[in-house]
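**Q** My questions will all concern the structure given below.
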Amino acid sequence: MSKMVLGCIADDFTGATDLANNLVRAGMRVVQTIGVPSTPLAADVDAVVVALKSRTIAPADAIAQSLDAMTWLQAQGAQQIYFKYCSTFDSTAAGNIGPVSEALMDALGSDFTIATPAFPDNKRTVFKGYLFVGDVLLNESGMQNHPLTPMTDPNLVRVLQAQTTRKVGLIDHTVVARGADAVRERIAELRAAGVAMAVVDAVSNDDLLRLGPALAAMPLVTAGSGVAIGLPANFGIAPSSKASALPAAGGLSAIVSGSCSIATNRQVMNFIQTGRPAMAIDPLRIAAGVDVTAEALAWAEPLLADGPVLVYSTAETGAVKSVQGRLGVEEAGAMVERTIAAIARGLVALGVRQLVVAGGETSGACVQALGVTQMQIGPQIDPGVPWCHALAEAADGAGVHLTLKSGNFGADDFFTKAFAVLE
Ligand code: ADP
């Protein structure tokens, strides 16, 4: 039976992996599930991260899915619930960070929680309640132009207060710097003043580690993935290489990439420059009815025995915009995702057992096509991106090593480095 203690709910897929990765590095054995499982937890782990896709859906739906996840996690033994959102506090005017936090508090009978997206390892810091991305405020970071969740106010107390009926306060850096006791005192003060959610400043991992003990008895923690580094110690868990142990890797290896982010474009270029085989997918040929999946698999099959191959639709912004102009943004995206997912499934059917997937949405599509529902989290390749191990329906139930890289993560040599990490 499992001894699971920490139950996490993530509002998107690669964000779930990012959180799971931080928990593993802090010593927890972690499984990530794709959606809320319909069966009990089978693995022997310390934490489970349920990956939802609830960031931009209607608040009522996000609440329903999150409560569902919470109920399942509690049934598996979770002593504390962690609601994980993006380190840039991605939310719409209606939510969903505020409404989901509030609903979880109600369900857990909790009268106080924290909220902080601080993730210093990825240059997300919070000071006086203001969120910085690198050296600039959130609303100057590019996030003000995000197509779905434009963030135009860097003051998280204001942003969160606009999304909730509960009173929002601040635990500022002068308190956090003094340690867990000071944080506990401040929480007592805020509670007495009727505050139910407090944004917490943190500019370094030391701040997050000082914060951790003060969160020990809190039924609900809401945060980005950063706060996770301070929680395992509350359960008597210390960093250990055992936490990231996965079954031995074998089989053929491949990469599929549907991400068009700047980092992924560099990674594709870098892989091609190593002289390894790479095949580009043209969305317009898919739209014209060509069986691009069959073409890609026929191309890959004879090459796989010699090492990893790359199949990619990754393109520069200009090319993507041109395709989107002709096919429509959503249609182009969905069509390419379907094709890459079918190629991933075909590659696994050909014996690929080590698969790198680049792109957040692309990863969601691939995992679905592979028939994966749970992934054990393994060693980190680059910050935020670990190897995982999953039983895949596409491999007739056999294990596949997978890594799901969100667009802007990973160094330039990620596509070659990844396989070296697995060796
Ligand atoms: P990221 O993590 O970089 O944001 P995603 O996979 O989440 O990557 O999103 C990339 C989106 O772009 C997907 O919907 C994908 O299908 C789509 N896409 C990929 N390649 C192209 C292309 N060449 N033209 C148009 N859209 C594309």
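In the structure tokens, chains take the letters A, B, ... in the order shown, each chain's residues start at 1, and ligands count up from 1 in the order shown.
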Which residues are near ligand 1 in this structure, taking near to mean any atom at most 9 Å from a ligand atom and counting only C-alpha atoms and all ligand atoms? Format them as an mmCIF file with C-alpha atoms, in the first residue's frame.
**A**
```
data_model
loop_
_atom_site.group_PDB
_atom_site.id
_atom_site.type_symbol
_atom_site.label_atom_id
_atom_site.label_comp_id
_atom_site.auth_asym_id
_atom_site.auth_seq_id
_atom_site.Cartn_x
_atom_site.Cartn_y
_atom_site.Cartn_z
ATOM 1 C CA THR A 14 4.010 20.468 -17.993
ATOM 2 C CA SER A 257 8.807 18.203 -31.334
ATOM 3 C CA GLY A 258 5.715 20.335 -31.877
ATOM 4 C CA SER A 259 6.959 23.286 -29.861
ATOM 5 C CA CYS A 260 7.771 26.507 -31.721
ATOM 6 C CA SER A 261 9.300 28.285 -28.743
ATOM 7 C CA ILE A 262 12.640 30.012 -29.127
ATOM 8 C CA ALA A 263 14.448 27.453 -26.944
ATOM 9 C CA THR A 264 13.016 24.526 -28.929
ATOM 10 C CA ALA A 280 10.549 18.281 -40.736
ATOM 11 C CA ILE A 281 6.759 18.027 -40.852
ATOM 12 C CA ASP A 282 4.962 20.546 -43.063
ATOM 13 C CA PRO A 283 1.507 21.484 -41.675
ATOM 14 C CA LEU A 284 0.302 22.487 -45.150
ATOM 15 C CA TYR A 312 9.630 18.040 -35.825
ATOM 16 C CA SER A 313 7.097 20.653 -36.861
ATOM 17 C CA THR A 314 9.077 23.257 -34.929
ATOM 18 C CA ALA A 315 9.347 26.452 -36.982
ATOM 19 C CA GLU A 316 10.195 30.128 -36.550
ATOM 20 C CA THR A 317 7.471 32.637 -35.692
ATOM 21 C CA ALA A 319 6.483 30.438 -40.683
ATOM 22 C CA VAL A 320 4.054 29.578 -37.876
ATOM 23 C CA LYS A 321 2.089 32.803 -38.424
ATOM 24 C CA SER A 322 1.873 32.111 -42.130
ATOM 25 C CA VAL A 323 0.514 28.593 -41.512
ATOM 26 C CA GLN A 324 -1.908 29.938 -38.907
ATOM 27 C CA LEU A 327 -5.356 27.229 -41.610
ATOM 28 C CA GLY A 328 -6.493 29.143 -38.518
ATOM 29 C CA VAL A 329 -4.573 29.189 -35.213
ATOM 30 C CA GLU A 330 -6.529 26.467 -33.448
ATOM 31 C CA GLU A 331 -7.010 24.263 -36.493
ATOM 32 C CA ALA A 332 -3.304 24.373 -37.331
ATOM 33 C CA GLY A 333 -2.373 23.618 -33.712
ATOM 34 C CA ALA A 334 -4.805 20.726 -33.304
ATOM 35 C CA MET A 335 -3.881 19.203 -36.657
ATOM 36 C CA VAL A 336 -0.143 19.282 -35.967
ATOM 37 C CA GLU A 337 -0.678 17.941 -32.431
ATOM 38 C CA ARG A 338 -2.716 15.009 -33.774
ATOM 39 C CA THR A 339 -0.058 14.194 -36.358
ATOM 40 C CA ILE A 340 2.863 14.353 -33.937
ATOM 41 C CA VAL A 357 8.508 15.155 -26.529
ATOM 42 C CA ALA A 358 8.894 18.931 -26.902
ATOM 43 C CA GLY A 359 5.916 21.235 -26.353
ATOM 44 C CA GLY A 360 3.328 21.512 -23.595
ATOM 45 C CA GLU A 361 0.213 20.956 -25.693
ATOM 46 C CA THR A 362 2.120 18.507 -27.853
ATOM 47 C CA SER A 363 3.029 16.506 -24.735
ATOM 48 C CA GLY A 364 -0.604 16.321 -23.683
ATOM 49 C CA ALA A 365 -1.567 14.975 -27.104
ATOM 50 C CA LYS A 405 9.658 19.381 -22.270
ATOM 51 C CA SER A 406 7.660 22.558 -22.063
ATOM 52 C CA GLY A 407 8.572 24.998 -24.819
ATOM 53 C CA ASN A 408 11.050 27.350 -23.237
ATOM 54 C CA PHE A 409 12.783 24.845 -20.962
#
```
**Q** List as a ChimeraX atom specification the protein and nucleic acid residues near segment 183-190 of chain A, meaning an atom at most 7 Å away when only C-alpha atoms are counted, but skip any in the same chain fewer than 6 places from it.
**A** /A:171,175-176,214
**Q** Which of these residues is nearest to Thr113 of chain A, using only C-alpha atoms: A:Leu220, A:Val48, A:Arg25, A:Ala69?
**A** A:Leu220
**Q** Please, which residues of segment 109-322 of chain A, numbered as in this document, come out strand (DSSP E or B) from DSSP, as a PDB file with N, CA and C atoms, in the first residue's frame?
**A**
```
ATOM      1  N   THR A 113      -4.549  30.194   3.890  1.00  0.00           N
ATOM      2  CA  THR A 113      -3.551  29.576   3.010  1.00  0.00           C
ATOM      3  C   THR A 113      -2.628  30.648   2.453  1.00  0.00           C
ATOM      4  N   ILE A 114      -1.545  30.182   1.852  1.00  0.00           N
ATOM      5  CA  ILE A 114      -0.624  31.128   1.219  1.00  0.00           C
ATOM      6  C   ILE A 114      -0.779  31.057  -0.298  1.00  0.00           C
ATOM      7  N   ALA A 115      -0.208  32.052  -0.972  1.00  0.00           N
ATOM      8  CA  ALA A 115      -0.194  32.060  -2.435  1.00  0.00           C
ATOM      9  C   ALA A 115       1.121  32.699  -2.869  1.00  0.00           C
ATOM     10  N   THR A 116       1.976  31.907  -3.486  1.00  0.00           N
ATOM     11  CA  THR A 116       3.180  32.525  -4.042  1.00  0.00           C
ATOM     12  C   THR A 116       3.737  31.735  -5.217  1.00  0.00           C
ATOM     13  N   PHE A 119       9.735  31.213  -7.781  1.00  0.00           N
ATOM     14  CA  PHE A 119      10.530  30.057  -8.220  1.00  0.00           C
ATOM     15  C   PHE A 119      11.902  30.605  -8.615  1.00  0.00           C
ATOM     16  N   ARG A 124      11.835  33.605 -11.062  1.00  0.00           N
ATOM     17  CA  ARG A 124      10.561  34.201 -10.658  1.00  0.00           C
ATOM     18  C   ARG A 124      10.671  34.524  -9.184  1.00  0.00           C
ATOM     19  N   THR A 125      10.656  35.838  -8.858  1.00  0.00           N
ATOM     20  CA  THR A 125      10.789  36.237  -7.459  1.00  0.00           C
ATOM     21  C   THR A 125       9.649  37.174  -7.086  1.00  0.00           C
ATOM     22  N   VAL A 126       9.291  37.166  -5.805  1.00  0.00           N
ATOM     23  CA  VAL A 126       8.204  38.022  -5.323  1.00  0.00           C
ATOM     24  C   VAL A 126       8.766  38.908  -4.215  1.00  0.00           C
ATOM     25  N   PHE A 127       8.575  40.217  -4.354  1.00  0.00           N
ATOM     26  CA  PHE A 127       9.054  41.165  -3.347  1.00  0.00           C
ATOM     27  C   PHE A 127       7.990  42.232  -3.137  1.00  0.00           C
ATOM     28  N   TYR A 130       5.064  42.050  -5.259  1.00  0.00           N
ATOM     29  CA  TYR A 130       5.207  42.263  -6.712  1.00  0.00           C
ATOM     30  C   TYR A 130       6.005  41.116  -7.319  1.00  0.00           C
ATOM     31  N   LEU A 131       5.505  40.601  -8.441  1.00  0.00           N
ATOM     32  CA  LEU A 131       6.171  39.469  -9.094  1.00  0.00           C
ATOM     33  C   LEU A 131       7.143  39.956 -10.174  1.00  0.00           C
ATOM     34  N   PHE A 132       8.374  39.495 -10.037  1.00  0.00           N
ATOM     35  CA  PHE A 132       9.402  39.799 -11.039  1.00  0.00           C
ATOM     36  C   PHE A 132       9.687  38.557 -11.874  1.00  0.00           C
ATOM     37  N   VAL A 133       9.879  38.771 -13.177  1.00  0.00           N
ATOM     38  CA  VAL A 133      10.300  37.701 -14.077  1.00  0.00           C
ATOM     39  C   VAL A 133      11.679  38.130 -14.569  1.00  0.00           C
ATOM     40  N   VAL A 136      12.646  42.137 -14.597  1.00  0.00           N
ATOM     41  CA  VAL A 136      11.543  43.078 -14.820  1.00  0.00           C
ATOM     42  C   VAL A 136      10.262  42.610 -14.132  1.00  0.00           C
ATOM     43  N   LEU A 137       9.353  43.568 -13.945  1.00  0.00           N
ATOM     44  CA  LEU A 137       8.062  43.221 -13.360  1.00  0.00           C
ATOM     45  C   LEU A 137       7.251  42.365 -14.343  1.00  0.00           C
ATOM     46  N   ASN A 155       1.182  43.340  -9.149  1.00  0.00           N
ATOM     47  CA  ASN A 155       0.903  43.266  -7.704  1.00  0.00           C
ATOM     48  C   ASN A 155      -0.035  42.096  -7.423  1.00  0.00           C
ATOM     49  N   LYS A 167     -10.407  37.685   2.089  1.00  0.00           N
ATOM     50  CA  LYS A 167      -9.497  38.817   2.196  1.00  0.00           C
ATOM     51  C   LYS A 167      -8.050  38.370   1.953  1.00  0.00           C
ATOM     52  N   VAL A 168      -7.345  39.119   1.126  1.00  0.00           N
ATOM     53  CA  VAL A 168      -5.968  38.768   0.756  1.00  0.00           C
ATOM     54  C   VAL A 168      -4.983  39.706   1.451  1.00  0.00           C
ATOM     55  N   GLY A 169      -3.915  39.153   2.005  1.00  0.00           N
ATOM     56  CA  GLY A 169      -2.878  39.954   2.662  1.00  0.00           C
ATOM     57  C   GLY A 169      -1.493  39.608   2.143  1.00  0.00           C
ATOM     58  N   LEU A 170      -0.468  40.077   2.859  1.00  0.00           N
ATOM     59  CA  LEU A 170       0.917  39.906   2.405  1.00  0.00           C
ATOM     60  C   LEU A 170       1.814  39.493   3.575  1.00  0.00           C
ATOM     61  N   ILE A 171       2.660  38.504   3.335  1.00  0.00           N
ATOM     62  CA  ILE A 171       3.745  38.191   4.265  1.00  0.00           C
ATOM     63  C   ILE A 171       5.006  38.643   3.557  1.00  0.00           C
ATOM     64  N   VAL A 195      -7.744  38.014   7.432  1.00  0.00           N
ATOM     65  CA  VAL A 195      -7.130  37.655   6.140  1.00  0.00           C
ATOM     66  C   VAL A 195      -7.138  36.128   5.992  1.00  0.00           C
ATOM     67  N   ALA A 196      -7.501  35.660   4.803  1.00  0.00           N
ATOM     68  CA  ALA A 196      -7.596  34.215   4.575  1.00  0.00           C
ATOM     69  C   ALA A 196      -6.539  33.688   3.609  1.00  0.00           C
ATOM     70  N   MET A 197      -5.984  34.576   2.793  1.00  0.00           N
ATOM     71  CA  MET A 197      -4.947  34.150   1.843  1.00  0.00           C
ATOM     72  C   MET A 197      -3.841  35.203   1.882  1.00  0.00           C
ATOM     73  N   ALA A 198      -2.593  34.749   1.986  1.00  0.00           N
ATOM     74  CA  ALA A 198      -1.500  35.717   2.000  1.00  0.00           C
ATOM     75  C   ALA A 198      -0.496  35.406   0.898  1.00  0.00           C
ATOM     76  N   VAL A 199      -0.218  36.432   0.113  1.00  0.00           N
ATOM     77  CA  VAL A 199       0.878  36.354  -0.851  1.00  0.00           C
ATOM     78  C   VAL A 199       2.168  36.386  -0.031  1.00  0.00           C
ATOM     79  N   VAL A 200       3.137  35.525  -0.373  1.00  0.00           N
ATOM     80  CA  VAL A 200       4.387  35.477   0.400  1.00  0.00           C
ATOM     81  C   VAL A 200       5.559  35.891  -0.485  1.00  0.00           C
ATOM     82  N   ALA A 202       9.349  35.895  -1.691  1.00  0.00           N
ATOM     83  CA  ALA A 202      10.506  34.995  -1.679  1.00  0.00           C
ATOM     84  C   ALA A 202      11.385  35.367  -2.857  1.00  0.00           C
ATOM     85  N   LEU A 220      -4.025  23.332   3.134  1.00  0.00           N
ATOM     86  CA  LEU A 220      -3.885  23.682   1.716  1.00  0.00           C
ATOM     87  C   LEU A 220      -2.735  24.668   1.543  1.00  0.00           C
ATOM     88  N   VAL A 221      -1.866  24.371   0.583  1.00  0.00           N
ATOM     89  CA  VAL A 221      -0.833  25.318   0.162  1.00  0.00           C
ATOM     90  C   VAL A 221      -1.111  25.627  -1.299  1.00  0.00           C
ATOM     91  N   THR A 222      -1.075  26.901  -1.692  1.00  0.00           N
ATOM     92  CA  THR A 222      -1.211  27.219  -3.127  1.00  0.00           C
ATOM     93  C   THR A 222       0.058  27.951  -3.546  1.00  0.00           C
ATOM     94  N   ALA A 223       0.632  27.553  -4.680  1.00  0.00           N
ATOM     95  CA  ALA A 223       1.934  28.093  -5.064  1.00  0.00           C
ATOM     96  C   ALA A 223       2.307  27.669  -6.470  1.00  0.00           C
ATOM     97  N   LEU A 252      14.753   1.483 -28.470  1.00  0.00           N
ATOM     98  CA  LEU A 252      15.187   2.516 -29.411  1.00  0.00           C
ATOM     99  C   LEU A 252      14.833   3.897 -28.857  1.00  0.00           C
ATOM    100  N   SER A 253      15.440   4.938 -29.459  1.00  0.00           N
ATOM    101  CA  SER A 253      15.191   6.280 -28.934  1.00  0.00           C
ATOM    102  C   SER A 253      14.803   7.256 -30.050  1.00  0.00           C
ATOM    103  N   ALA A 254      13.949   8.222 -29.688  1.00  0.00           N
ATOM    104  CA  ALA A 254      13.472   9.205 -30.678  1.00  0.00           C
ATOM    105  C   ALA A 254      13.018  10.477 -29.980  1.00  0.00           C
ATOM    106  N   ILE A 255      12.878  11.525 -30.799  1.00  0.00           N
ATOM    107  CA  ILE A 255      12.400  12.823 -30.320  1.00  0.00           C
ATOM    108  C   ILE A 255      11.291  13.278 -31.260  1.00  0.00           C
ATOM    109  N   VAL A 256      10.187  13.751 -30.697  1.00  0.00           N
ATOM    110  CA  VAL A 256       9.172  14.430 -31.516  1.00  0.00           C
ATOM    111  C   VAL A 256       8.997  15.833 -30.942  1.00  0.00           C
ATOM    112  N   SER A 257       8.904  16.830 -31.810  1.00  0.00           N
ATOM    113  CA  SER A 257       8.807  18.203 -31.334  1.00  0.00           C
ATOM    114  C   SER A 257       7.730  18.985 -32.075  1.00  0.00           C
ATOM    115  N   ALA A 278      17.054  14.031 -38.949  1.00  0.00           N
ATOM    116  CA  ALA A 278      15.917  14.851 -38.529  1.00  0.00           C
ATOM    117  C   ALA A 278      14.982  15.051 -39.709  1.00  0.00           C
ATOM    118  N   MET A 279      13.685  14.976 -39.458  1.00  0.00           N
ATOM    119  CA  MET A 279      12.714  15.160 -40.533  1.00  0.00           C
ATOM    120  C   MET A 279      11.689  16.218 -40.130  1.00  0.00           C
ATOM    121  N   ALA A 280      11.506  17.215 -41.019  1.00  0.00           N
ATOM    122  CA  ALA A 280      10.549  18.281 -40.736  1.00  0.00           C
ATOM    123  C   ALA A 280       9.168  17.899 -41.248  1.00  0.00           C
ATOM    124  N   VAL A 309      16.345   9.591 -33.592  1.00  0.00           N
ATOM    125  CA  VAL A 309      15.934  10.404 -34.740  1.00  0.00           C
ATOM    126  C   VAL A 309      14.981  11.476 -34.226  1.00  0.00           C
ATOM    127  N   LEU A 310      14.886  12.557 -34.985  1.00  0.00           N
ATOM    128  CA  LEU A 310      14.014  13.680 -34.602  1.00  0.00           C
ATOM    129  C   LEU A 310      12.967  13.910 -35.683  1.00  0.00           C
ATOM    130  N   VAL A 311      11.695  13.968 -35.277  1.00  0.00           N
ATOM    131  CA  VAL A 311      10.624  14.392 -36.189  1.00  0.00           C
ATOM    132  C   VAL A 311      10.053  15.671 -35.601  1.00  0.00           C
ATOM    133  N   TYR A 312      10.016  16.749 -36.403  1.00  0.00           N
ATOM    134  CA  TYR A 312       9.630  18.040 -35.825  1.00  0.00           C
ATOM    135  C   TYR A 312       8.765  18.873 -36.755  1.00  0.00           C
TER     136      TYR A 312
END
```
**Q** Between A:Lys3, A:Arg178, A:Lys53, A:Lys417, which residue has the minimum interatomic distance to Gln267 of chain A, considering only C-alpha atoms?
**A**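 Residue with the minimum atom-to-atom distance to Gln267 of chain A: A:Lys417.
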**Q** So how far away is atom CA of Pro154 of chain A from atom CA of Asp135 of chain A, in Å?
**A**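 If I compute the distance from atom CA of Asp135 of chain A to atom CA of Pro154 of chain A, I get 12.8 Å.
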**Q** So, counting only C-alpha atoms, which residue among A:Leu391, A:Ser38, A:Asp413, A:Thr71 is closest to Asn265 of chain A?
**A**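 Of the candidates, the smallest distance to Asn265 of chain A is held by A:Asp413.
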**Q** Compare A:Ala182, A:Ala47, A:Ile34, A:Val348 by their minimum atom-to-atom distance to Val367 of chain A, counting only C-alpha atoms, and give me the closest one.
**A**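 For Val367 of chain A, the nearest of the candidates is A:Ile34.
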**Q** For Ala418 of chain A, which residue out of A:Leu402, A:Val100, A:Ile229, A:Ala300 is the nearest one, using only C-alpha atoms?
**A**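 Among the listed residues, the smallest separation from Ala418 of chain A belongs to A:Leu402.
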**Q** What's the 10 Å shell around Thr17 of chain A, counting only C-alpha atoms, without same-chain residues fewer than 3 positions away, as an MDAnalysis selection string?
**A** chainID A and resid 10 12:14 20:23 30:33 49:51 225 375 377 384:388 403:406
**Q** For a quick check of understanding, using only C-alpha atoms, which of A:Pro308, A:Gly325, A:Ala243, A:Ile97 has the smallest distance to Thr416 of chain A?
**A**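 So, comparing all the options, the nearest one is A:Pro308.
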